[in-house]
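S.K.: I have a structure I would like to understand better, so I am pasting it below and will then ask my questions one at a time.
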Amino acid sequence: MTVRKLIGGIVACALLAGGAPARAALPKRFFGLVSEDVFAGKPSYRNATLAKQSSIGVGLIRQTFHWNQIETRRGKYNFAYYDAYMAATASHGIQVLPILFDPPKFRAPVSRRTSATYPPRHYADLGTFGAAVARRYGPNGTFWAQHPTVPRVPITSYQVWNEPNIKAYWPSGPNPRKYASLLKATAAGIHSVDPQAEIVTAGLPDSRLSRPGNVYSYVKGLLHAGAASSFNTLAVNPYGKNSSQILQKLNRFRSLLDHGGASGAGMWVTEFGWSDKGPRSSFRVGAGGQARQIRKTIPALAAAAGRLRLRGFVYYDWKDAKPYPPAYKDFWGLHTGLLQRNGRSKPALNAFRTAVAAAG
């Protein structure tokens with residue numbers, strides 16, 4: 001049973017019993033974050049950091065599964081690095097939400113001429129890759145059979161691509177009809193291995209890169225293209241100035257689903273956060289403001305879980321990062337961490353810990 005169904009069932013039982021329904025206790029995997037440093041870190045760092053994350057209530061990490069790093073030759077999958085990562089997260093009881101993303105060159109469009117990430121030439125290829133991941137790490141995955149001493153914490157949810165409504169990740173220009181086709185083909189591949197797998201859409205931002213407001217038209221286009229039958233959960237990246245603005249956006253997404261033939265779908269906040277410093281932005285709020293917004297938003301999301309059919313959230317992110325290629329340009333999103341780049345805690349870390357403890 002999915003968490004979405006479990007929460008709905010508990011709420012329904014409470015209503016039948018009479019009176020206002022008590023909020024169901026949320027599973028630990030409701031509380032997630034992005035932590036690329038754990039993925040890239042050495043074993044000692046990885047284990048120490050995962051232990052700390054688990055201790056503050058983190059139950060899920062959203063992590064890109066780089067297709068081009070795994071399928072090194074046609075039909076040949078090298079999972080060695082990911083095996084070590086999955087063993088570490090499982091040992092700390094943390095589930096992984098993989099983002100299926102970034103095809104190898106031999107799967108990319110012939111017309112690919114830049115370093116940008118393109119969807120694959122044949123959409124079914126992403127489904128084949130997703131099936132390989134499910135065959136390795138799903139509930140009946142070969143990884144668990146080959147590593148019987150590792151706690152079994154299988155992958156049960158798969159996020160298909162990343163932010164296709166912005167040109168950086170869909171260079172030919174956002175196209176909900178084409179993304180619906182990619183979603184359908186990928187879901188079919190995953191379900192051929194794990195029929196119960198939860199299919200999660202790519203996280204959809206409403207950033208200036210997608211032109212403000214365009215994300216809602218994109219979701220409408222996705223539903224109009226028949227995508228509702230291909231996913232269980234709509235993922236959104238609703239960055240906002242405060243908790244009220246984030247909840248307003250989530251309410252709008254919920255309404256689009258309910259009136260667009262996808263009332264049974266859940267939602268998942270797969271990115272949100274604020275920076276304490278860095279370049280000027282609506283989301284740069286200072287160290288105190290970052291802690292304050294975290295302290296307010298996490299309980300608000302937990303309280304709205306039943307009404308919004310909210311699957312969980314993923315805070316972006318655990319630790320500040322340095323500018324990356326090709327531009328090596330600083331921006332506010334590199335300063336949203338609960339930790340500074342040197343590993344020192346920000347006030348945001350304690351705010352996250354106390355908010356999760358109160359909401360869990």
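Going by the structure tokens order, chains are called A, B, ..., each with residues numbered from 1, while ligands are numbered from 1 in the order shown.
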Identify, with DSSP run on backbone atoms, the residues in stretch 196-322 of chain A assigned to strand (DSSP E), and express the list as a list in words.
M.R.: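 Assigned to strand (DSSP E), within stretch 196-322 of chain A: Glu198, Ile199, Val200, Thr201, Leu204, Pro205, Thr233, Leu234, Ala235, Val236, Asn237, Gly266, Met267, Trp268, Val269, Thr270, Glu271, Phe272, Leu310, Arg311, Gly312, Phe313, Val314 and Tyr315 of chain A.
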S.K.: Could you please take those selected residues and save N, CA, C and O atoms as a short mmCIF file (atom, residue, chain, number, x, y, z; two decimals), in the first residue's frame?
M.R.:
data_model
loop_
_atom_site.label_atom_id
_atom_site.label_comp_id
_atom_site.auth_asym_id
_atom_site.auth_seq_id
_atom_site.Cartn_x
_atom_site.Cartn_y
_atom_site.Cartn_z
N GLU A 198 5.65 3.16 -7.78
CA GLU A 198 5.05 4.49 -7.85
C GLU A 198 5.81 5.32 -8.89
O GLU A 198 7.02 5.49 -8.79
N ILE A 199 5.07 5.82 -9.86
CA ILE A 199 5.66 6.65 -10.91
C ILE A 199 5.43 8.11 -10.54
O ILE A 199 4.29 8.55 -10.36
N VAL A 200 6.52 8.84 -10.44
CA VAL A 200 6.49 10.24 -10.02
C VAL A 200 6.93 11.10 -11.20
O VAL A 200 7.94 10.81 -11.85
N THR A 201 6.18 12.14 -11.50
CA THR A 201 6.58 13.03 -12.59
C THR A 201 7.87 13.75 -12.22
O THR A 201 8.28 13.81 -11.07
N LEU A 204 8.38 19.90 -11.22
CA LEU A 204 8.04 21.01 -12.10
C LEU A 204 8.16 22.33 -11.35
O LEU A 204 7.41 22.59 -10.40
N PRO A 205 9.12 23.17 -11.73
CA PRO A 205 9.29 24.46 -11.06
C PRO A 205 8.45 25.55 -11.71
O PRO A 205 8.01 25.41 -12.85
N THR A 233 1.93 10.19 -8.96
CA THR A 233 2.22 11.36 -8.14
C THR A 233 2.79 12.48 -8.99
O THR A 233 3.73 12.26 -9.77
N LEU A 234 2.21 13.66 -8.85
CA LEU A 234 2.73 14.86 -9.50
C LEU A 234 3.78 15.49 -8.59
O LEU A 234 3.49 15.82 -7.44
N ALA A 235 4.98 15.65 -9.11
CA ALA A 235 6.05 16.29 -8.34
C ALA A 235 6.16 17.75 -8.74
O ALA A 235 6.13 18.09 -9.93
N VAL A 236 6.28 18.62 -7.74
CA VAL A 236 6.40 20.05 -8.01
C VAL A 236 7.54 20.61 -7.17
O VAL A 236 7.85 20.11 -6.10
N ASN A 237 8.16 21.66 -7.70
CA ASN A 237 9.24 22.35 -7.00
C ASN A 237 8.79 23.78 -6.73
O ASN A 237 9.23 24.73 -7.40
N GLY A 266 -1.47 11.67 -6.18
CA GLY A 266 -0.88 12.38 -5.06
C GLY A 266 0.02 13.49 -5.56
O GLY A 266 0.18 13.71 -6.77
N MET A 267 0.62 14.22 -4.62
CA MET A 267 1.60 15.25 -4.96
C MET A 267 2.83 15.05 -4.09
O MET A 267 2.75 14.48 -3.01
N TRP A 268 3.94 15.54 -4.59
CA TRP A 268 5.20 15.45 -3.84
C TRP A 268 5.96 16.74 -4.08
O TRP A 268 6.18 17.15 -5.21
N VAL A 269 6.35 17.41 -3.01
CA VAL A 269 7.20 18.60 -3.11
C VAL A 269 8.63 18.09 -3.19
O VAL A 269 9.22 17.70 -2.18
N THR A 270 9.20 18.07 -4.39
CA THR A 270 10.53 17.47 -4.54
C THR A 270 11.66 18.49 -4.50
O THR A 270 12.83 18.09 -4.61
N GLU A 271 11.34 19.76 -4.33
CA GLU A 271 12.35 20.77 -4.01
C GLU A 271 11.65 21.98 -3.40
O GLU A 271 10.61 22.41 -3.88
N PHE A 272 12.25 22.51 -2.34
CA PHE A 272 11.93 23.84 -1.84
C PHE A 272 13.06 24.24 -0.91
O PHE A 272 13.81 23.40 -0.42
N LEU A 310 -0.58 14.87 -0.05
CA LEU A 310 0.84 15.17 -0.18
C LEU A 310 1.67 13.96 0.24
O LEU A 310 1.55 13.46 1.35
N ARG A 311 2.51 13.54 -0.65
CA ARG A 311 3.34 12.34 -0.47
C ARG A 311 4.53 12.60 0.45
O ARG A 311 5.05 11.70 1.10
N GLY A 312 5.00 13.83 0.46
CA GLY A 312 6.16 14.18 1.27
C GLY A 312 6.82 15.43 0.71
O GLY A 312 6.30 16.07 -0.20
N PHE A 313 7.97 15.75 1.28
CA PHE A 313 8.74 16.89 0.77
C PHE A 313 10.21 16.54 0.73
O PHE A 313 10.69 15.63 1.41
N VAL A 314 10.94 17.28 -0.09
CA VAL A 314 12.38 17.15 -0.20
C VAL A 314 12.97 18.55 -0.08
O VAL A 314 12.75 19.40 -0.95
N TYR A 315 13.71 18.79 1.01
CA TYR A 315 14.33 20.10 1.18
C TYR A 315 15.60 20.18 0.33
O TYR A 315 16.40 19.24 0.28
#
S.K.: So that I can check the surroundings of A:Pro176, please list as a PDB file with C-alpha atoms, in the first residue's frame every protein, DNA and RNA residue that reaches within 12 Å of it, counting only C-alpha atoms and ignoring chain neighbours fewer than 3 positions away.
M.R.:
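Written out: part_31.pdb:
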ATOM      1  CA  GLU A 163      12.199  19.949 -14.755  1.00  0.00           C
ATOM      2  CA  PRO A 164      11.106  19.351 -18.372  1.00  0.00           C
ATOM      3  CA  ASN A 165       9.200  22.645 -18.364  1.00  0.00           C
ATOM      4  CA  ILE A 166      12.445  24.631 -18.570  1.00  0.00           C
ATOM      5  CA  TRP A 170      14.280  20.046 -22.508  1.00  0.00           C
ATOM      6  CA  SER A 172      13.926  21.873 -27.886  1.00  0.00           C
ATOM      7  CA  GLY A 173      11.475  23.844 -25.741  1.00  0.00           C
ATOM      8  CA  TYR A 179       6.945  14.685 -21.892  1.00  0.00           C
ATOM      9  CA  ALA A 180       3.669  12.749 -21.476  1.00  0.00           C
ATOM     10  CA  SER A 181       4.981  10.291 -24.075  1.00  0.00           C
ATOM     11  CA  LEU A 182       8.284   9.946 -22.214  1.00  0.00           C
ATOM     12  CA  LEU A 183       6.398   9.407 -18.966  1.00  0.00           C
ATOM     13  CA  THR A 201       6.576  13.025 -12.594  1.00  0.00           C
ATOM     14  CA  ALA A 202       9.620  15.198 -12.962  1.00  0.00           C
ATOM     15  CA  LEU A 204       8.037  21.014 -12.104  1.00  0.00           C
ATOM     16  CA  ASN A 214       3.650  28.729 -17.190  1.00  0.00           C
ATOM     17  CA  VAL A 215       3.996  25.660 -15.003  1.00  0.00           C
ATOM     18  CA  TYR A 216       0.221  25.553 -14.475  1.00  0.00           C
ATOM     19  CA  SER A 217      -0.389  25.619 -18.218  1.00  0.00           C
ATOM     20  CA  TYR A 218       2.203  22.887 -18.517  1.00  0.00           C
ATOM     21  CA  VAL A 219       0.344  20.671 -16.034  1.00  0.00           C
ATOM     22  CA  LYS A 220      -2.922  21.314 -17.880  1.00  0.00           C
ATOM     23  CA  GLY A 221      -1.221  20.311 -21.121  1.00  0.00           C
ATOM     24  CA  LEU A 222       0.181  17.198 -19.474  1.00  0.00           C
ATOM     25  CA  LEU A 223      -3.257  16.119 -18.295  1.00  0.00           C
ATOM     26  CA  HIS A 224      -4.838  16.998 -21.646  1.00  0.00           C
ATOM     27  CA  ALA A 225      -2.275  14.697 -23.285  1.00  0.00           C
ATOM     28  CA  GLY A 226      -3.570  11.788 -21.199  1.00  0.00           C
ATOM     29  CA  ALA A 227      -0.638  11.595 -18.797  1.00  0.00           C
TER      30      ALA A 227
END
S.K.: Any idea what the distance is between atom CA of A:Gly57 and atom CA of A:Val150?
M.R.: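 Here the two named atoms are 20.6 Å from each other.
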S.K.: Could you check how far atom CA of A:Ala355 sits from atom CA of A:Leu250, in Å to one decimal?
M.R.: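 About the pair atom CA of A:Ala355 and atom CA of A:Leu250: they are 19.6 Å apart.
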S.K.: Please identify the alpha helix (DSSP H) residues within stretch 131-237 of chain A (assignment by DSSP from backbone atoms) and present them as number ranges by chain.
M.R.: A: 131-137, 142-146, 176-191, 214-224
S.K.: What's the separation between atom CA of A:Trp67 and atom CA of A:Pro103, in Å to one decimal place?
M.R.: 5.1 Å
S.K.: Let me make sure I understand: among A:Lys178, A:His335, A:His92, A:Arg73, which one has the smallest atom-to-atom distance to A:His122 if we use only C-alpha atoms?
M.R.: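 Among A:Lys178, A:His335, A:His92, A:Arg73, it is A:Lys178 that comes nearest to A:His122.
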S.K.: Applying 8 Å and only C-alpha atoms, which residues near stretch 295-302 of chain A remain after dropping the ones on its own chain fewer than 5 positions away? List them as a ChimeraX atom specification.
M.R.: /A:26,242-243,247,310,313,351-352,354-356,358-360
S.K.: Limited to C-alpha atoms, could you put the picked residues into a file as a short mmCIF file (atom, residue, chain, number, x, y, z; two decimals), in the first residue's frame?
M.R.:
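Generated output (out.cif):
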data_model
loop_
_atom_site.label_atom_id
_atom_site.label_comp_id
_atom_site.auth_asym_id
_atom_site.auth_seq_id
_atom_site.Cartn_x
_atom_site.Cartn_y
_atom_site.Cartn_z
CA LEU A 26 3.50 10.63 8.97
CA ASN A 242 7.27 31.87 2.64
CA SER A 243 5.06 28.97 3.70
CA LEU A 247 0.75 26.40 0.18
CA LEU A 310 0.84 15.17 -0.18
CA PHE A 313 8.74 16.89 0.77
CA ALA A 351 15.13 24.50 12.73
CA PHE A 352 14.82 21.49 10.42
CA THR A 354 12.80 20.61 15.59
CA ALA A 355 10.23 21.10 12.81
CA VAL A 356 10.46 17.46 11.71
CA ALA A 358 7.10 18.35 15.85
CA ALA A 359 5.49 17.32 12.55
CA GLY A 360 6.37 13.61 12.49
#
S.K.: Which residue is closest to A:Lys322? Choose from A:Arg309, A:Leu256, A:Ala25, A:Arg341 and count only C-alpha atoms.
M.R.: A:Arg341
S.K.: Measuring between only C-alpha atoms, which one of A:Pro238, A:Gly261, A:Pro279, A:Gly59 shows the shortest distance to A:Val96?
M.R.: A:Gly59
S.K.: Find, counting only C-alpha atoms, the residue in A:Val153, A:Ile190, A:Ala291, A:Ile94 that gets nearest to A:Leu126.
M.R.: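 Closest to A:Leu126 of all the choices is A:Ile190.
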S.K.: Would you kindly return, as a PyMOL selection string, each protein, DNA or RNA residue with an atom no farther than 9 Å from any atom of A:Pro43, considering only C-alpha atoms and excluding same-chain residues fewer than 5 positions away?
M.R.: chain A and resi 38+48+84-85+88
S.K.: Restrict the selected residues to all heavy atoms and save them as a short mmCIF file (atom, residue, chain, number, x, y, z; two decimals), in the first residue's frame.
M.R.:
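Contents of again.cif, as written:
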data_model
loop_
_atom_site.label_atom_id
_atom_site.label_comp_id
_atom_site.auth_asym_id
_atom_site.auth_seq_id
_atom_site.Cartn_x
_atom_site.Cartn_y
_atom_site.Cartn_z
N VAL A 38 26.68 13.44 -0.01
CA VAL A 38 26.66 12.05 0.43
C VAL A 38 26.93 11.12 -0.74
O VAL A 38 27.69 10.16 -0.64
CB VAL A 38 25.30 11.71 1.09
CG1 VAL A 38 25.09 10.21 1.19
CG2 VAL A 38 25.25 12.33 2.48
N ALA A 48 29.02 8.80 8.10
CA ALA A 48 28.86 9.76 9.20
C ALA A 48 27.73 10.74 8.90
O ALA A 48 26.94 11.09 9.78
CB ALA A 48 30.17 10.50 9.44
N ALA A 84 27.26 0.66 -3.73
CA ALA A 84 27.85 1.15 -2.47
C ALA A 84 26.97 2.23 -1.86
O ALA A 84 26.78 2.29 -0.63
CB ALA A 84 29.26 1.67 -2.74
N TYR A 85 26.43 3.09 -2.70
CA TYR A 85 25.55 4.16 -2.22
C TYR A 85 24.27 3.59 -1.62
O TYR A 85 23.85 3.98 -0.51
CB TYR A 85 25.22 5.10 -3.38
CG TYR A 85 24.25 6.19 -3.03
CD1 TYR A 85 24.64 7.29 -2.28
CD2 TYR A 85 22.92 6.14 -3.48
CE1 TYR A 85 23.75 8.30 -1.96
CE2 TYR A 85 22.03 7.15 -3.17
CZ TYR A 85 22.44 8.23 -2.41
OH TYR A 85 21.55 9.22 -2.11
N ALA A 88 24.82 1.98 1.76
CA ALA A 88 25.00 2.97 2.82
C ALA A 88 23.67 3.58 3.25
O ALA A 88 23.38 3.68 4.45
CB ALA A 88 25.96 4.06 2.36
#
S.K.: Would you mind listing what lies within 10 Å of A:Thr72 as a JSON list (two decimals) with N, CA and C atoms, in the first residue's frame, with only C-alpha atoms counted and same-chain residues fewer than 4 positions away left out?
M.R.:
[["chain", "number", "residue", "atom", "x", "y", "z"],
["A", 67, "TRP", "N", 22.04, 8.16, -15.90],
["A", 67, "TRP", "CA", 21.95, 7.08, -16.88],
["A", 67, "TRP", "C", 23.28, 6.88, -17.59],
["A", 68, "ASN", "N", 23.94, 7.99, -17.94],
["A", 68, "ASN", "CA", 25.18, 7.87, -18.71],
["A", 68, "ASN", "C", 26.34, 7.31, -17.90],
["A", 76, "LYS", "N", 24.66, -2.71, -21.29],
["A", 76, "LYS", "CA", 25.60, -3.11, -20.24],
["A", 76, "LYS", "C", 25.54, -2.08, -19.11],
["A", 77, "TYR", "N", 25.13, -2.54, -17.94],
["A", 77, "TYR", "CA", 24.91, -1.63, -16.81],
["A", 77, "TYR", "C", 25.95, -1.88, -15.71],
["A", 78, "ASN", "N", 26.61, -0.82, -15.33],
["A", 78, "ASN", "CA", 27.60, -0.90, -14.25],
["A", 78, "ASN", "C", 27.03, -0.21, -13.01],
["A", 104, "PRO", "N", 23.14, 8.37, -21.96],
["A", 104, "PRO", "CA", 24.46, 8.30, -22.60],
["A", 104, "PRO", "C", 24.36, 8.80, -24.03],
["A", 105, "LYS", "N", 25.50, 9.14, -24.60],
["A", 105, "LYS", "CA", 25.51, 9.74, -25.93],
["A", 105, "LYS", "C", 24.86, 8.84, -26.97],
["A", 106, "PHE", "N", 25.02, 7.52, -26.81],
["A", 106, "PHE", "CA", 24.46, 6.63, -27.81],
["A", 106, "PHE", "C", 22.95, 6.47, -27.68]]
